[in-house]
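Enquirer: Sharing a structure here in structure tokens format.
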Amino acid sequence: GSGQARCIFQLMLLPTNLIPTAALVLAAGNSSRLGQPKQLLIYQGETLLHRAVRTALAAGCAPVIVVTGALDVVLRQAMADLPCQAVHSTDWAAGMGASIRAGLACLAAGPAVLVMSCDQPLVKAEALQQLIHQQQASGAPAAAATYAGTFGIPAVFAPAAVADLRGLRPEQGAKPLLASYGPALTLVPIPDAAFDVDTPAAYAALLARPDGGPA
């Protein structure tokens with residue numbers, strides 16, 4: 001279909017010297033503040049998890065690895081039609097670091113790694129491509145999204161920095177590691193990353209957007 005052709009066309013536009021970039025889609029949380037699994041919330045006719053995986057694929061990432069945790073089988077079912085891999089983090093409750101390490105455990109050494117969440121549904125494939133491009137063009141250890149006066153994921157880690165990710169303590173998120181790079185960190189403005197679906201009010205706001213609602 002035209003969607004597939006558009007993806008192929010986007011990939012053709014990418015510089016040929018791009019290092020392969022894997023994606024880790026973090027989907028292990030239990031959505032305690034939301035009261036229902038955020039991964040399965042519907043926006044524009046698809047779940048937030050399906051949307052995140054599809055966006056990573058459209059950005060040219062391969063492989064795309066989804067880290068499950070509190071939920072596993074139902075999440076695998078929600079993305080069964082997409083070419084991605086799922087890994088269950090049995091230690092998910094310990095923190096984001098545990099999930100990142102679980103995802104990296106099934107990834108061979110070599111590629112750069114994009115770390116992203118499934119609760120930032122406004123982030124587009126073009127923004128992820130920009131992160132990948134900026135990290136590689138700058139030679140920085142990582143390129144992180146900057147939004148709403150802060151920075152964080154989505155973020156791309158250079159192949160040499162993936163060892164730092166593997167060394168995260170279970171309770172650590174990616175942000176302290178990004179901060180540790182200091183001026184070497186490349187920052188890419190992605191205002192859409194400021195919107196995350198963590199509460200019922202945030203989900204209501206998402207559905208109330210002019211481009212929201214069913215597809």
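Chain labels follow the order of the structure tokens: the first chain is A, the next B, and so on; residue numbering restarts at 1 in every chain, and ligands are counted from 1 in their shown order.
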Taking 6 positions as the minimum chain separation for residues in the same chain, which residues sit within 12 Å of A:Leu206 when counting only C-alpha atoms? Answer as a list in words.
Expert: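 Final neighbour list, sorted by chain and number: Leu41, Ile42, Tyr43, Gln44, Leu48, Asp119, Gln120, Pro121, Leu122, Asp192, Phe195, Asp196, Val197, Asp198, Thr199, Pro200, Gly212, Gly213 and Pro214 of chain A.
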Enquirer: From a backbone DSSP assignment, name each residue in stretch 11-73 of chain A labelled strand (DSSP E), as a list of chain:residue names.
Expert: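 Written out, the strand (DSSP E) residues of stretch 11-73 of chain A are A:Thr21, A:Ala22, A:Ala23, A:Leu24, A:Val25, A:Leu26, A:Ala27, A:Ile42, A:Tyr43, A:Glu46, A:Thr47, A:Val64, A:Ile65, A:Val66, A:Val67, A:Thr68.
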Enquirer: Emit the selected residues as a PDB file, in the first residue's frame, including N, CA, C and O atoms.
Expert:
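The resulting file, selection.pdb, is reproduced below:
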```pdb
ATOM      1  N   THR A  21      20.846   1.287  13.288  1.00  0.00           N
ATOM      2  CA  THR A  21      20.367   1.703  14.603  1.00  0.00           C
ATOM      3  C   THR A  21      19.254   0.774  15.062  1.00  0.00           C
ATOM      4  O   THR A  21      18.233   0.648  14.389  1.00  0.00           O
ATOM      5  N   ALA A  22      19.485   0.112  16.176  1.00  0.00           N
ATOM      6  CA  ALA A  22      18.441  -0.714  16.787  1.00  0.00           C
ATOM      7  C   ALA A  22      17.557   0.185  17.638  1.00  0.00           C
ATOM      8  O   ALA A  22      17.962   1.291  18.018  1.00  0.00           O
ATOM      9  N   ALA A  23      16.365  -0.271  17.936  1.00  0.00           N
ATOM     10  CA  ALA A  23      15.471   0.493  18.819  1.00  0.00           C
ATOM     11  C   ALA A  23      15.031  -0.377  19.985  1.00  0.00           C
ATOM     12  O   ALA A  23      14.671  -1.539  19.793  1.00  0.00           O
ATOM     13  N   LEU A  24      15.077   0.199  21.176  1.00  0.00           N
ATOM     14  CA  LEU A  24      14.478  -0.421  22.354  1.00  0.00           C
ATOM     15  C   LEU A  24      13.227   0.373  22.690  1.00  0.00           C
ATOM     16  O   LEU A  24      13.309   1.567  23.005  1.00  0.00           O
ATOM     17  N   VAL A  25      12.072  -0.264  22.616  1.00  0.00           N
ATOM     18  CA  VAL A  25      10.810   0.378  22.989  1.00  0.00           C
ATOM     19  C   VAL A  25      10.455  -0.121  24.388  1.00  0.00           C
ATOM     20  O   VAL A  25      10.176  -1.313  24.583  1.00  0.00           O
ATOM     21  N   LEU A  26      10.497   0.789  25.350  1.00  0.00           N
ATOM     22  CA  LEU A  26      10.273   0.406  26.744  1.00  0.00           C
ATOM     23  C   LEU A  26       8.777   0.350  27.037  1.00  0.00           C
ATOM     24  O   LEU A  26       8.076   1.351  26.935  1.00  0.00           O
ATOM     25  N   ALA A  27       8.292  -0.843  27.383  1.00  0.00           N
ATOM     26  CA  ALA A  27       6.855  -1.041  27.605  1.00  0.00           C
ATOM     27  C   ALA A  27       6.618  -1.939  28.810  1.00  0.00           C
ATOM     28  O   ALA A  27       5.662  -2.713  28.845  1.00  0.00           O
ATOM     29  N   ILE A  42      -5.859   3.387  23.161  1.00  0.00           N
ATOM     30  CA  ILE A  42      -6.063   3.577  21.724  1.00  0.00           C
ATOM     31  C   ILE A  42      -5.951   5.059  21.359  1.00  0.00           C
ATOM     32  O   ILE A  42      -6.531   5.923  22.014  1.00  0.00           O
ATOM     33  N   TYR A  43      -5.178   5.333  20.320  1.00  0.00           N
ATOM     34  CA  TYR A  43      -5.069   6.685  19.758  1.00  0.00           C
ATOM     35  C   TYR A  43      -5.013   6.550  18.241  1.00  0.00           C
ATOM     36  O   TYR A  43      -4.199   5.784  17.716  1.00  0.00           O
ATOM     37  N   GLU A  46      -5.103   2.831  16.880  1.00  0.00           N
ATOM     38  CA  GLU A  46      -4.116   1.809  17.234  1.00  0.00           C
ATOM     39  C   GLU A  46      -3.654   2.028  18.668  1.00  0.00           C
ATOM     40  O   GLU A  46      -3.794   3.112  19.216  1.00  0.00           O
ATOM     41  N   THR A  47      -3.088   0.993  19.271  1.00  0.00           N
ATOM     42  CA  THR A  47      -2.600   1.135  20.640  1.00  0.00           C
ATOM     43  C   THR A  47      -1.334   1.999  20.645  1.00  0.00           C
ATOM     44  O   THR A  47      -0.636   2.117  19.626  1.00  0.00           O
ATOM     45  N   VAL A  64      13.890  -3.840  15.988  1.00  0.00           N
ATOM     46  CA  VAL A  64      13.103  -3.120  16.989  1.00  0.00           C
ATOM     47  C   VAL A  64      12.748  -4.135  18.080  1.00  0.00           C
ATOM     48  O   VAL A  64      12.126  -5.164  17.806  1.00  0.00           O
ATOM     49  N   ILE A  65      13.205  -3.842  19.282  1.00  0.00           N
ATOM     50  CA  ILE A  65      13.010  -4.751  20.418  1.00  0.00           C
ATOM     51  C   ILE A  65      12.093  -4.086  21.436  1.00  0.00           C
ATOM     52  O   ILE A  65      12.368  -2.977  21.892  1.00  0.00           O
ATOM     53  N   VAL A  66      11.008  -4.749  21.771  1.00  0.00           N
ATOM     54  CA  VAL A  66      10.058  -4.234  22.750  1.00  0.00           C
ATOM     55  C   VAL A  66      10.300  -4.948  24.075  1.00  0.00           C
ATOM     56  O   VAL A  66      10.317  -6.185  24.124  1.00  0.00           O
ATOM     57  N   VAL A  67      10.501  -4.169  25.128  1.00  0.00           N
ATOM     58  CA  VAL A  67      10.744  -4.760  26.448  1.00  0.00           C
ATOM     59  C   VAL A  67       9.432  -4.742  27.230  1.00  0.00           C
ATOM     60  O   VAL A  67       8.895  -3.678  27.545  1.00  0.00           O
ATOM     61  N   THR A  68       8.909  -5.942  27.531  1.00  0.00           N
ATOM     62  CA  THR A  68       7.680  -6.065  28.299  1.00  0.00           C
ATOM     63  C   THR A  68       8.028  -6.328  29.763  1.00  0.00           C
ATOM     64  O   THR A  68       9.183  -6.575  30.099  1.00  0.00           O
TER      65      THR A  68
END
```
Enquirer: Neighbours of A:Leu75 within 8 Å (only C-alpha atoms; same-chain residues fewer than 5 positions away dropped), as a PyMOL selection string?
Expert: chain A and resi 39-40+49+68
Enquirer: Those residues with N, CA, C and O atoms, as a short mmCIF file (atom, residue, chain, number, x, y, z; two decimals), in the first residue's frame please?
Expert:
```cif
data_model
loop_
_atom_site.label_atom_id
_atom_site.label_comp_id
_atom_site.auth_asym_id
_atom_site.auth_seq_id
_atom_site.Cartn_x
_atom_site.Cartn_y
_atom_site.Cartn_z
N GLN A 39 0.15 1.07 27.55
CA GLN A 39 0.60 0.48 26.30
C GLN A 39 -0.57 0.14 25.38
O GLN A 39 -0.42 0.12 24.16
N LEU A 40 -1.75 -0.12 25.98
CA LEU A 40 -2.90 -0.59 25.21
C LEU A 40 -3.95 0.49 24.99
O LEU A 40 -5.01 0.22 24.42
N LEU A 49 1.38 1.28 22.07
CA LEU A 49 2.53 0.41 21.83
C LEU A 49 2.71 0.16 20.33
O LEU A 49 3.82 0.27 19.80
N THR A 68 8.91 -5.94 27.53
CA THR A 68 7.68 -6.07 28.30
C THR A 68 8.03 -6.33 29.76
O THR A 68 9.18 -6.57 30.10
#
```
Enquirer: Quick one: DSSP helix (DSSP H, G or I) residues in chain A, as a PyMOL selection string?
Expert: chain A and resi 2-13+38-40+48-58+73-78+92-94+96-104+125-138+159-166+174-180+182-184+191-194+200-208
Enquirer: Next, the residues of the selection above should be written as a PDB file, in the first residue's frame with C-alpha atoms.
Expert:
```
ATOM      1  CA  SER A   2       0.959   3.668  -0.073  1.00  0.00           C
ATOM      2  CA  GLY A   3       2.102   3.522   3.559  1.00  0.00           C
ATOM      3  CA  GLN A   4       4.666   0.888   2.693  1.00  0.00           C
ATOM      4  CA  ALA A   5       5.834   2.866  -0.339  1.00  0.00           C
ATOM      5  CA  ARG A   6       6.170   5.955   1.852  1.00  0.00           C
ATOM      6  CA  CYS A   7       8.348   4.040   4.343  1.00  0.00           C
ATOM      7  CA  ILE A   8      10.598   2.790   1.554  1.00  0.00           C
ATOM      8  CA  PHE A   9      10.834   6.294   0.117  1.00  0.00           C
ATOM      9  CA  GLN A  10      11.794   7.678   3.538  1.00  0.00           C
ATOM     10  CA  LEU A  11      14.515   5.063   3.881  1.00  0.00           C
ATOM     11  CA  MET A  12      15.872   5.978   0.445  1.00  0.00           C
ATOM     12  CA  LEU A  13      16.281   9.546   1.656  1.00  0.00           C
ATOM     13  CA  LYS A  38      -0.954   2.787  28.899  1.00  0.00           C
ATOM     14  CA  GLN A  39       0.603   0.482  26.302  1.00  0.00           C
ATOM     15  CA  LEU A  40      -2.903  -0.588  25.209  1.00  0.00           C
ATOM     16  CA  LEU A  48       0.166   3.396  21.903  1.00  0.00           C
ATOM     17  CA  LEU A  49       2.527   0.411  21.826  1.00  0.00           C
ATOM     18  CA  HIS A  50       1.694  -0.414  18.201  1.00  0.00           C
ATOM     19  CA  ARG A  51       2.162   3.247  17.296  1.00  0.00           C
ATOM     20  CA  ALA A  52       5.593   3.417  18.991  1.00  0.00           C
ATOM     21  CA  VAL A  53       6.842   0.264  17.264  1.00  0.00           C
ATOM     22  CA  ARG A  54       5.487   1.410  13.905  1.00  0.00           C
ATOM     23  CA  THR A  55       7.203   4.792  14.352  1.00  0.00           C
ATOM     24  CA  ALA A  56      10.545   3.158  15.150  1.00  0.00           C
ATOM     25  CA  LEU A  57      10.224   0.953  12.072  1.00  0.00           C
ATOM     26  CA  ALA A  58       9.297   3.934   9.891  1.00  0.00           C
ATOM     27  CA  VAL A  73       1.461 -11.932  26.365  1.00  0.00           C
ATOM     28  CA  VAL A  74      -1.175  -9.268  25.724  1.00  0.00           C
ATOM     29  CA  LEU A  75       1.519  -6.832  24.543  1.00  0.00           C
ATOM     30  CA  ARG A  76       2.993  -9.419  22.180  1.00  0.00           C
ATOM     31  CA  GLN A  77      -0.498  -9.871  20.735  1.00  0.00           C
ATOM     32  CA  ALA A  78      -0.914  -6.104  20.328  1.00  0.00           C
ATOM     33  CA  TRP A  92      10.968  -4.790  35.385  1.00  0.00           C
ATOM     34  CA  ALA A  93       9.770  -3.528  38.777  1.00  0.00           C
ATOM     35  CA  ALA A  94      13.351  -2.655  39.759  1.00  0.00           C
ATOM     36  CA  MET A  96      14.096   1.400  33.762  1.00  0.00           C
ATOM     37  CA  GLY A  97      17.725   0.265  33.906  1.00  0.00           C
ATOM     38  CA  ALA A  98      16.597  -3.338  34.341  1.00  0.00           C
ATOM     39  CA  SER A  99      14.378  -3.075  31.256  1.00  0.00           C
ATOM     40  CA  ILE A 100      17.111  -1.464  29.159  1.00  0.00           C
ATOM     41  CA  ARG A 101      19.553  -4.197  30.117  1.00  0.00           C
ATOM     42  CA  ALA A 102      16.980  -6.908  29.308  1.00  0.00           C
ATOM     43  CA  GLY A 103      16.482  -5.423  25.846  1.00  0.00           C
ATOM     44  CA  LEU A 104      20.207  -5.084  25.189  1.00  0.00           C
ATOM     45  CA  ALA A 125       9.463   8.998  12.695  1.00  0.00           C
ATOM     46  CA  GLU A 126      11.065  12.125  11.233  1.00  0.00           C
ATOM     47  CA  ALA A 127      12.057  13.269  14.735  1.00  0.00           C
ATOM     48  CA  LEU A 128      13.647   9.885  15.456  1.00  0.00           C
ATOM     49  CA  GLN A 129      15.533  10.090  12.160  1.00  0.00           C
ATOM     50  CA  GLN A 130      16.766  13.516  13.186  1.00  0.00           C
ATOM     51  CA  LEU A 131      18.149  12.084  16.437  1.00  0.00           C
ATOM     52  CA  ILE A 132      19.923   9.318  14.515  1.00  0.00           C
ATOM     53  CA  HIS A 133      21.371  11.773  12.006  1.00  0.00           C
ATOM     54  CA  GLN A 134      22.512  14.268  14.634  1.00  0.00           C
ATOM     55  CA  GLN A 135      24.225  11.638  16.767  1.00  0.00           C
ATOM     56  CA  GLN A 136      26.140  10.267  13.808  1.00  0.00           C
ATOM     57  CA  ALA A 137      26.981  13.647  12.281  1.00  0.00           C
ATOM     58  CA  SER A 138      28.279  14.985  15.603  1.00  0.00           C
ATOM     59  CA  PRO A 159      27.784   2.025  19.414  1.00  0.00           C
ATOM     60  CA  ALA A 160      30.646   2.892  21.781  1.00  0.00           C
ATOM     61  CA  ALA A 161      28.178   4.234  24.377  1.00  0.00           C
ATOM     62  CA  VAL A 162      26.000   1.119  24.422  1.00  0.00           C
ATOM     63  CA  ALA A 163      28.402  -0.361  26.998  1.00  0.00           C
ATOM     64  CA  ASP A 164      27.395   2.529  29.287  1.00  0.00           C
ATOM     65  CA  LEU A 165      23.742   1.542  28.845  1.00  0.00           C
ATOM     66  CA  ARG A 166      24.570  -2.069  29.652  1.00  0.00           C
ATOM     67  CA  ALA A 174      18.697   6.848  30.856  1.00  0.00           C
ATOM     68  CA  LYS A 175      18.691  10.501  31.931  1.00  0.00           C
ATOM     69  CA  PRO A 176      21.567  10.398  34.493  1.00  0.00           C
ATOM     70  CA  LEU A 177      23.708   8.649  31.893  1.00  0.00           C
ATOM     71  CA  LEU A 178      22.834  11.285  29.291  1.00  0.00           C
ATOM     72  CA  ALA A 179      23.644  14.027  31.811  1.00  0.00           C
ATOM     73  CA  SER A 180      27.013  12.423  32.532  1.00  0.00           C
ATOM     74  CA  GLY A 182      28.009  16.892  29.749  1.00  0.00           C
ATOM     75  CA  PRO A 183      28.822  19.159  26.778  1.00  0.00           C
ATOM     76  CA  ALA A 184      29.532  16.095  24.605  1.00  0.00           C
ATOM     77  CA  PRO A 191       8.795  19.586  21.408  1.00  0.00           C
ATOM     78  CA  ASP A 192       6.326  16.739  20.798  1.00  0.00           C
ATOM     79  CA  ALA A 193       8.258  14.572  23.278  1.00  0.00           C
ATOM     80  CA  ALA A 194       7.014  16.801  26.109  1.00  0.00           C
ATOM     81  CA  PRO A 200      -6.163   9.906  32.813  1.00  0.00           C
ATOM     82  CA  ALA A 201      -6.103  13.699  32.261  1.00  0.00           C
ATOM     83  CA  ALA A 202      -3.188  13.369  29.824  1.00  0.00           C
ATOM     84  CA  TYR A 203      -5.014  10.659  27.875  1.00  0.00           C
ATOM     85  CA  ALA A 204      -8.155  12.805  27.754  1.00  0.00           C
ATOM     86  CA  ALA A 205      -6.041  15.698  26.454  1.00  0.00           C
ATOM     87  CA  LEU A 206      -4.555  13.433  23.787  1.00  0.00           C
ATOM     88  CA  LEU A 207      -8.000  12.370  22.555  1.00  0.00           C
ATOM     89  CA  ALA A 208      -9.195  15.981  22.610  1.00  0.00           C
TER      90      ALA A 208
END
```
Enquirer: One number please: atom CA of A:Pro189 to atom CA of A:Pro154, in Å, one decimal.
Expert: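 Rounded to one decimal, the two atoms are 11.0 Å apart.
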Enquirer: Using only C-alpha atoms, pick whichever of A:Leu107, A:Arg33, A:Gly95, A:Cys61 has the shortest atom-to-atom distance to A:Arg169.
Expert: A:Gly95
Enquirer: Which residue, A:Leu187, A:Val87, A:Glu171, A:Ala109, has the smallest gap to A:Tyr147 when you use only C-alpha atoms?
Expert: A:Leu187
Enquirer: Just the residues within 8 Å of A:Leu185, please, counting only C-alpha atoms, with nothing from its chain fewer than 5 positions along; format it as a ChimeraX atom specification.
Expert: /A:140-144,178-179
Enquirer: For the selection just defined, write its residues with all heavy atoms to a file, as a tab-separated table (two decimals), in the first residue's frame.
Expert:
```tsv
chain	number	residue	atom	x	y	z
A	140	ALA	N	28.89	12.42	18.72
A	140	ALA	CA	28.65	12.46	20.16
A	140	ALA	C	28.35	11.07	20.69
A	140	ALA	O	27.88	10.20	19.95
A	140	ALA	CB	27.47	13.39	20.47
A	141	PRO	N	28.60	10.84	21.99
A	141	PRO	CA	28.24	9.53	22.55
A	141	PRO	C	26.74	9.28	22.50
A	141	PRO	O	26.30	8.13	22.45
A	141	PRO	CB	28.74	9.61	24.00
A	141	PRO	CG	28.93	11.06	24.28
A	141	PRO	CD	29.25	11.72	22.98
A	142	ALA	N	25.96	10.36	22.52
A	142	ALA	CA	24.50	10.21	22.46
A	142	ALA	C	23.87	11.50	21.96
A	142	ALA	O	24.46	12.58	22.06
A	142	ALA	CB	23.94	9.85	23.84
A	143	ALA	N	22.67	11.37	21.42
A	143	ALA	CA	21.84	12.52	21.05
A	143	ALA	C	20.50	12.33	21.74
A	143	ALA	O	19.88	11.27	21.62
A	143	ALA	CB	21.66	12.61	19.54
A	144	ALA	N	20.08	13.34	22.48
A	144	ALA	CA	18.85	13.23	23.26
A	144	ALA	C	17.85	14.29	22.83
A	144	ALA	O	18.22	15.38	22.37
A	144	ALA	CB	19.15	13.40	24.75
A	178	LEU	N	22.77	10.19	30.28
A	178	LEU	CA	22.83	11.28	29.29
A	178	LEU	C	23.49	12.52	29.90
A	178	LEU	O	24.35	13.16	29.29
A	178	LEU	CB	21.43	11.62	28.78
A	178	LEU	CG	20.74	10.55	27.93
A	178	LEU	CD1	19.26	10.88	27.75
A	178	LEU	CD2	21.42	10.40	26.59
A	179	ALA	N	23.09	12.85	31.13
A	179	ALA	CA	23.64	14.03	31.81
A	179	ALA	C	25.14	13.88	32.04
A	179	ALA	O	25.89	14.87	32.00
A	179	ALA	CB	22.92	14.25	33.14
```
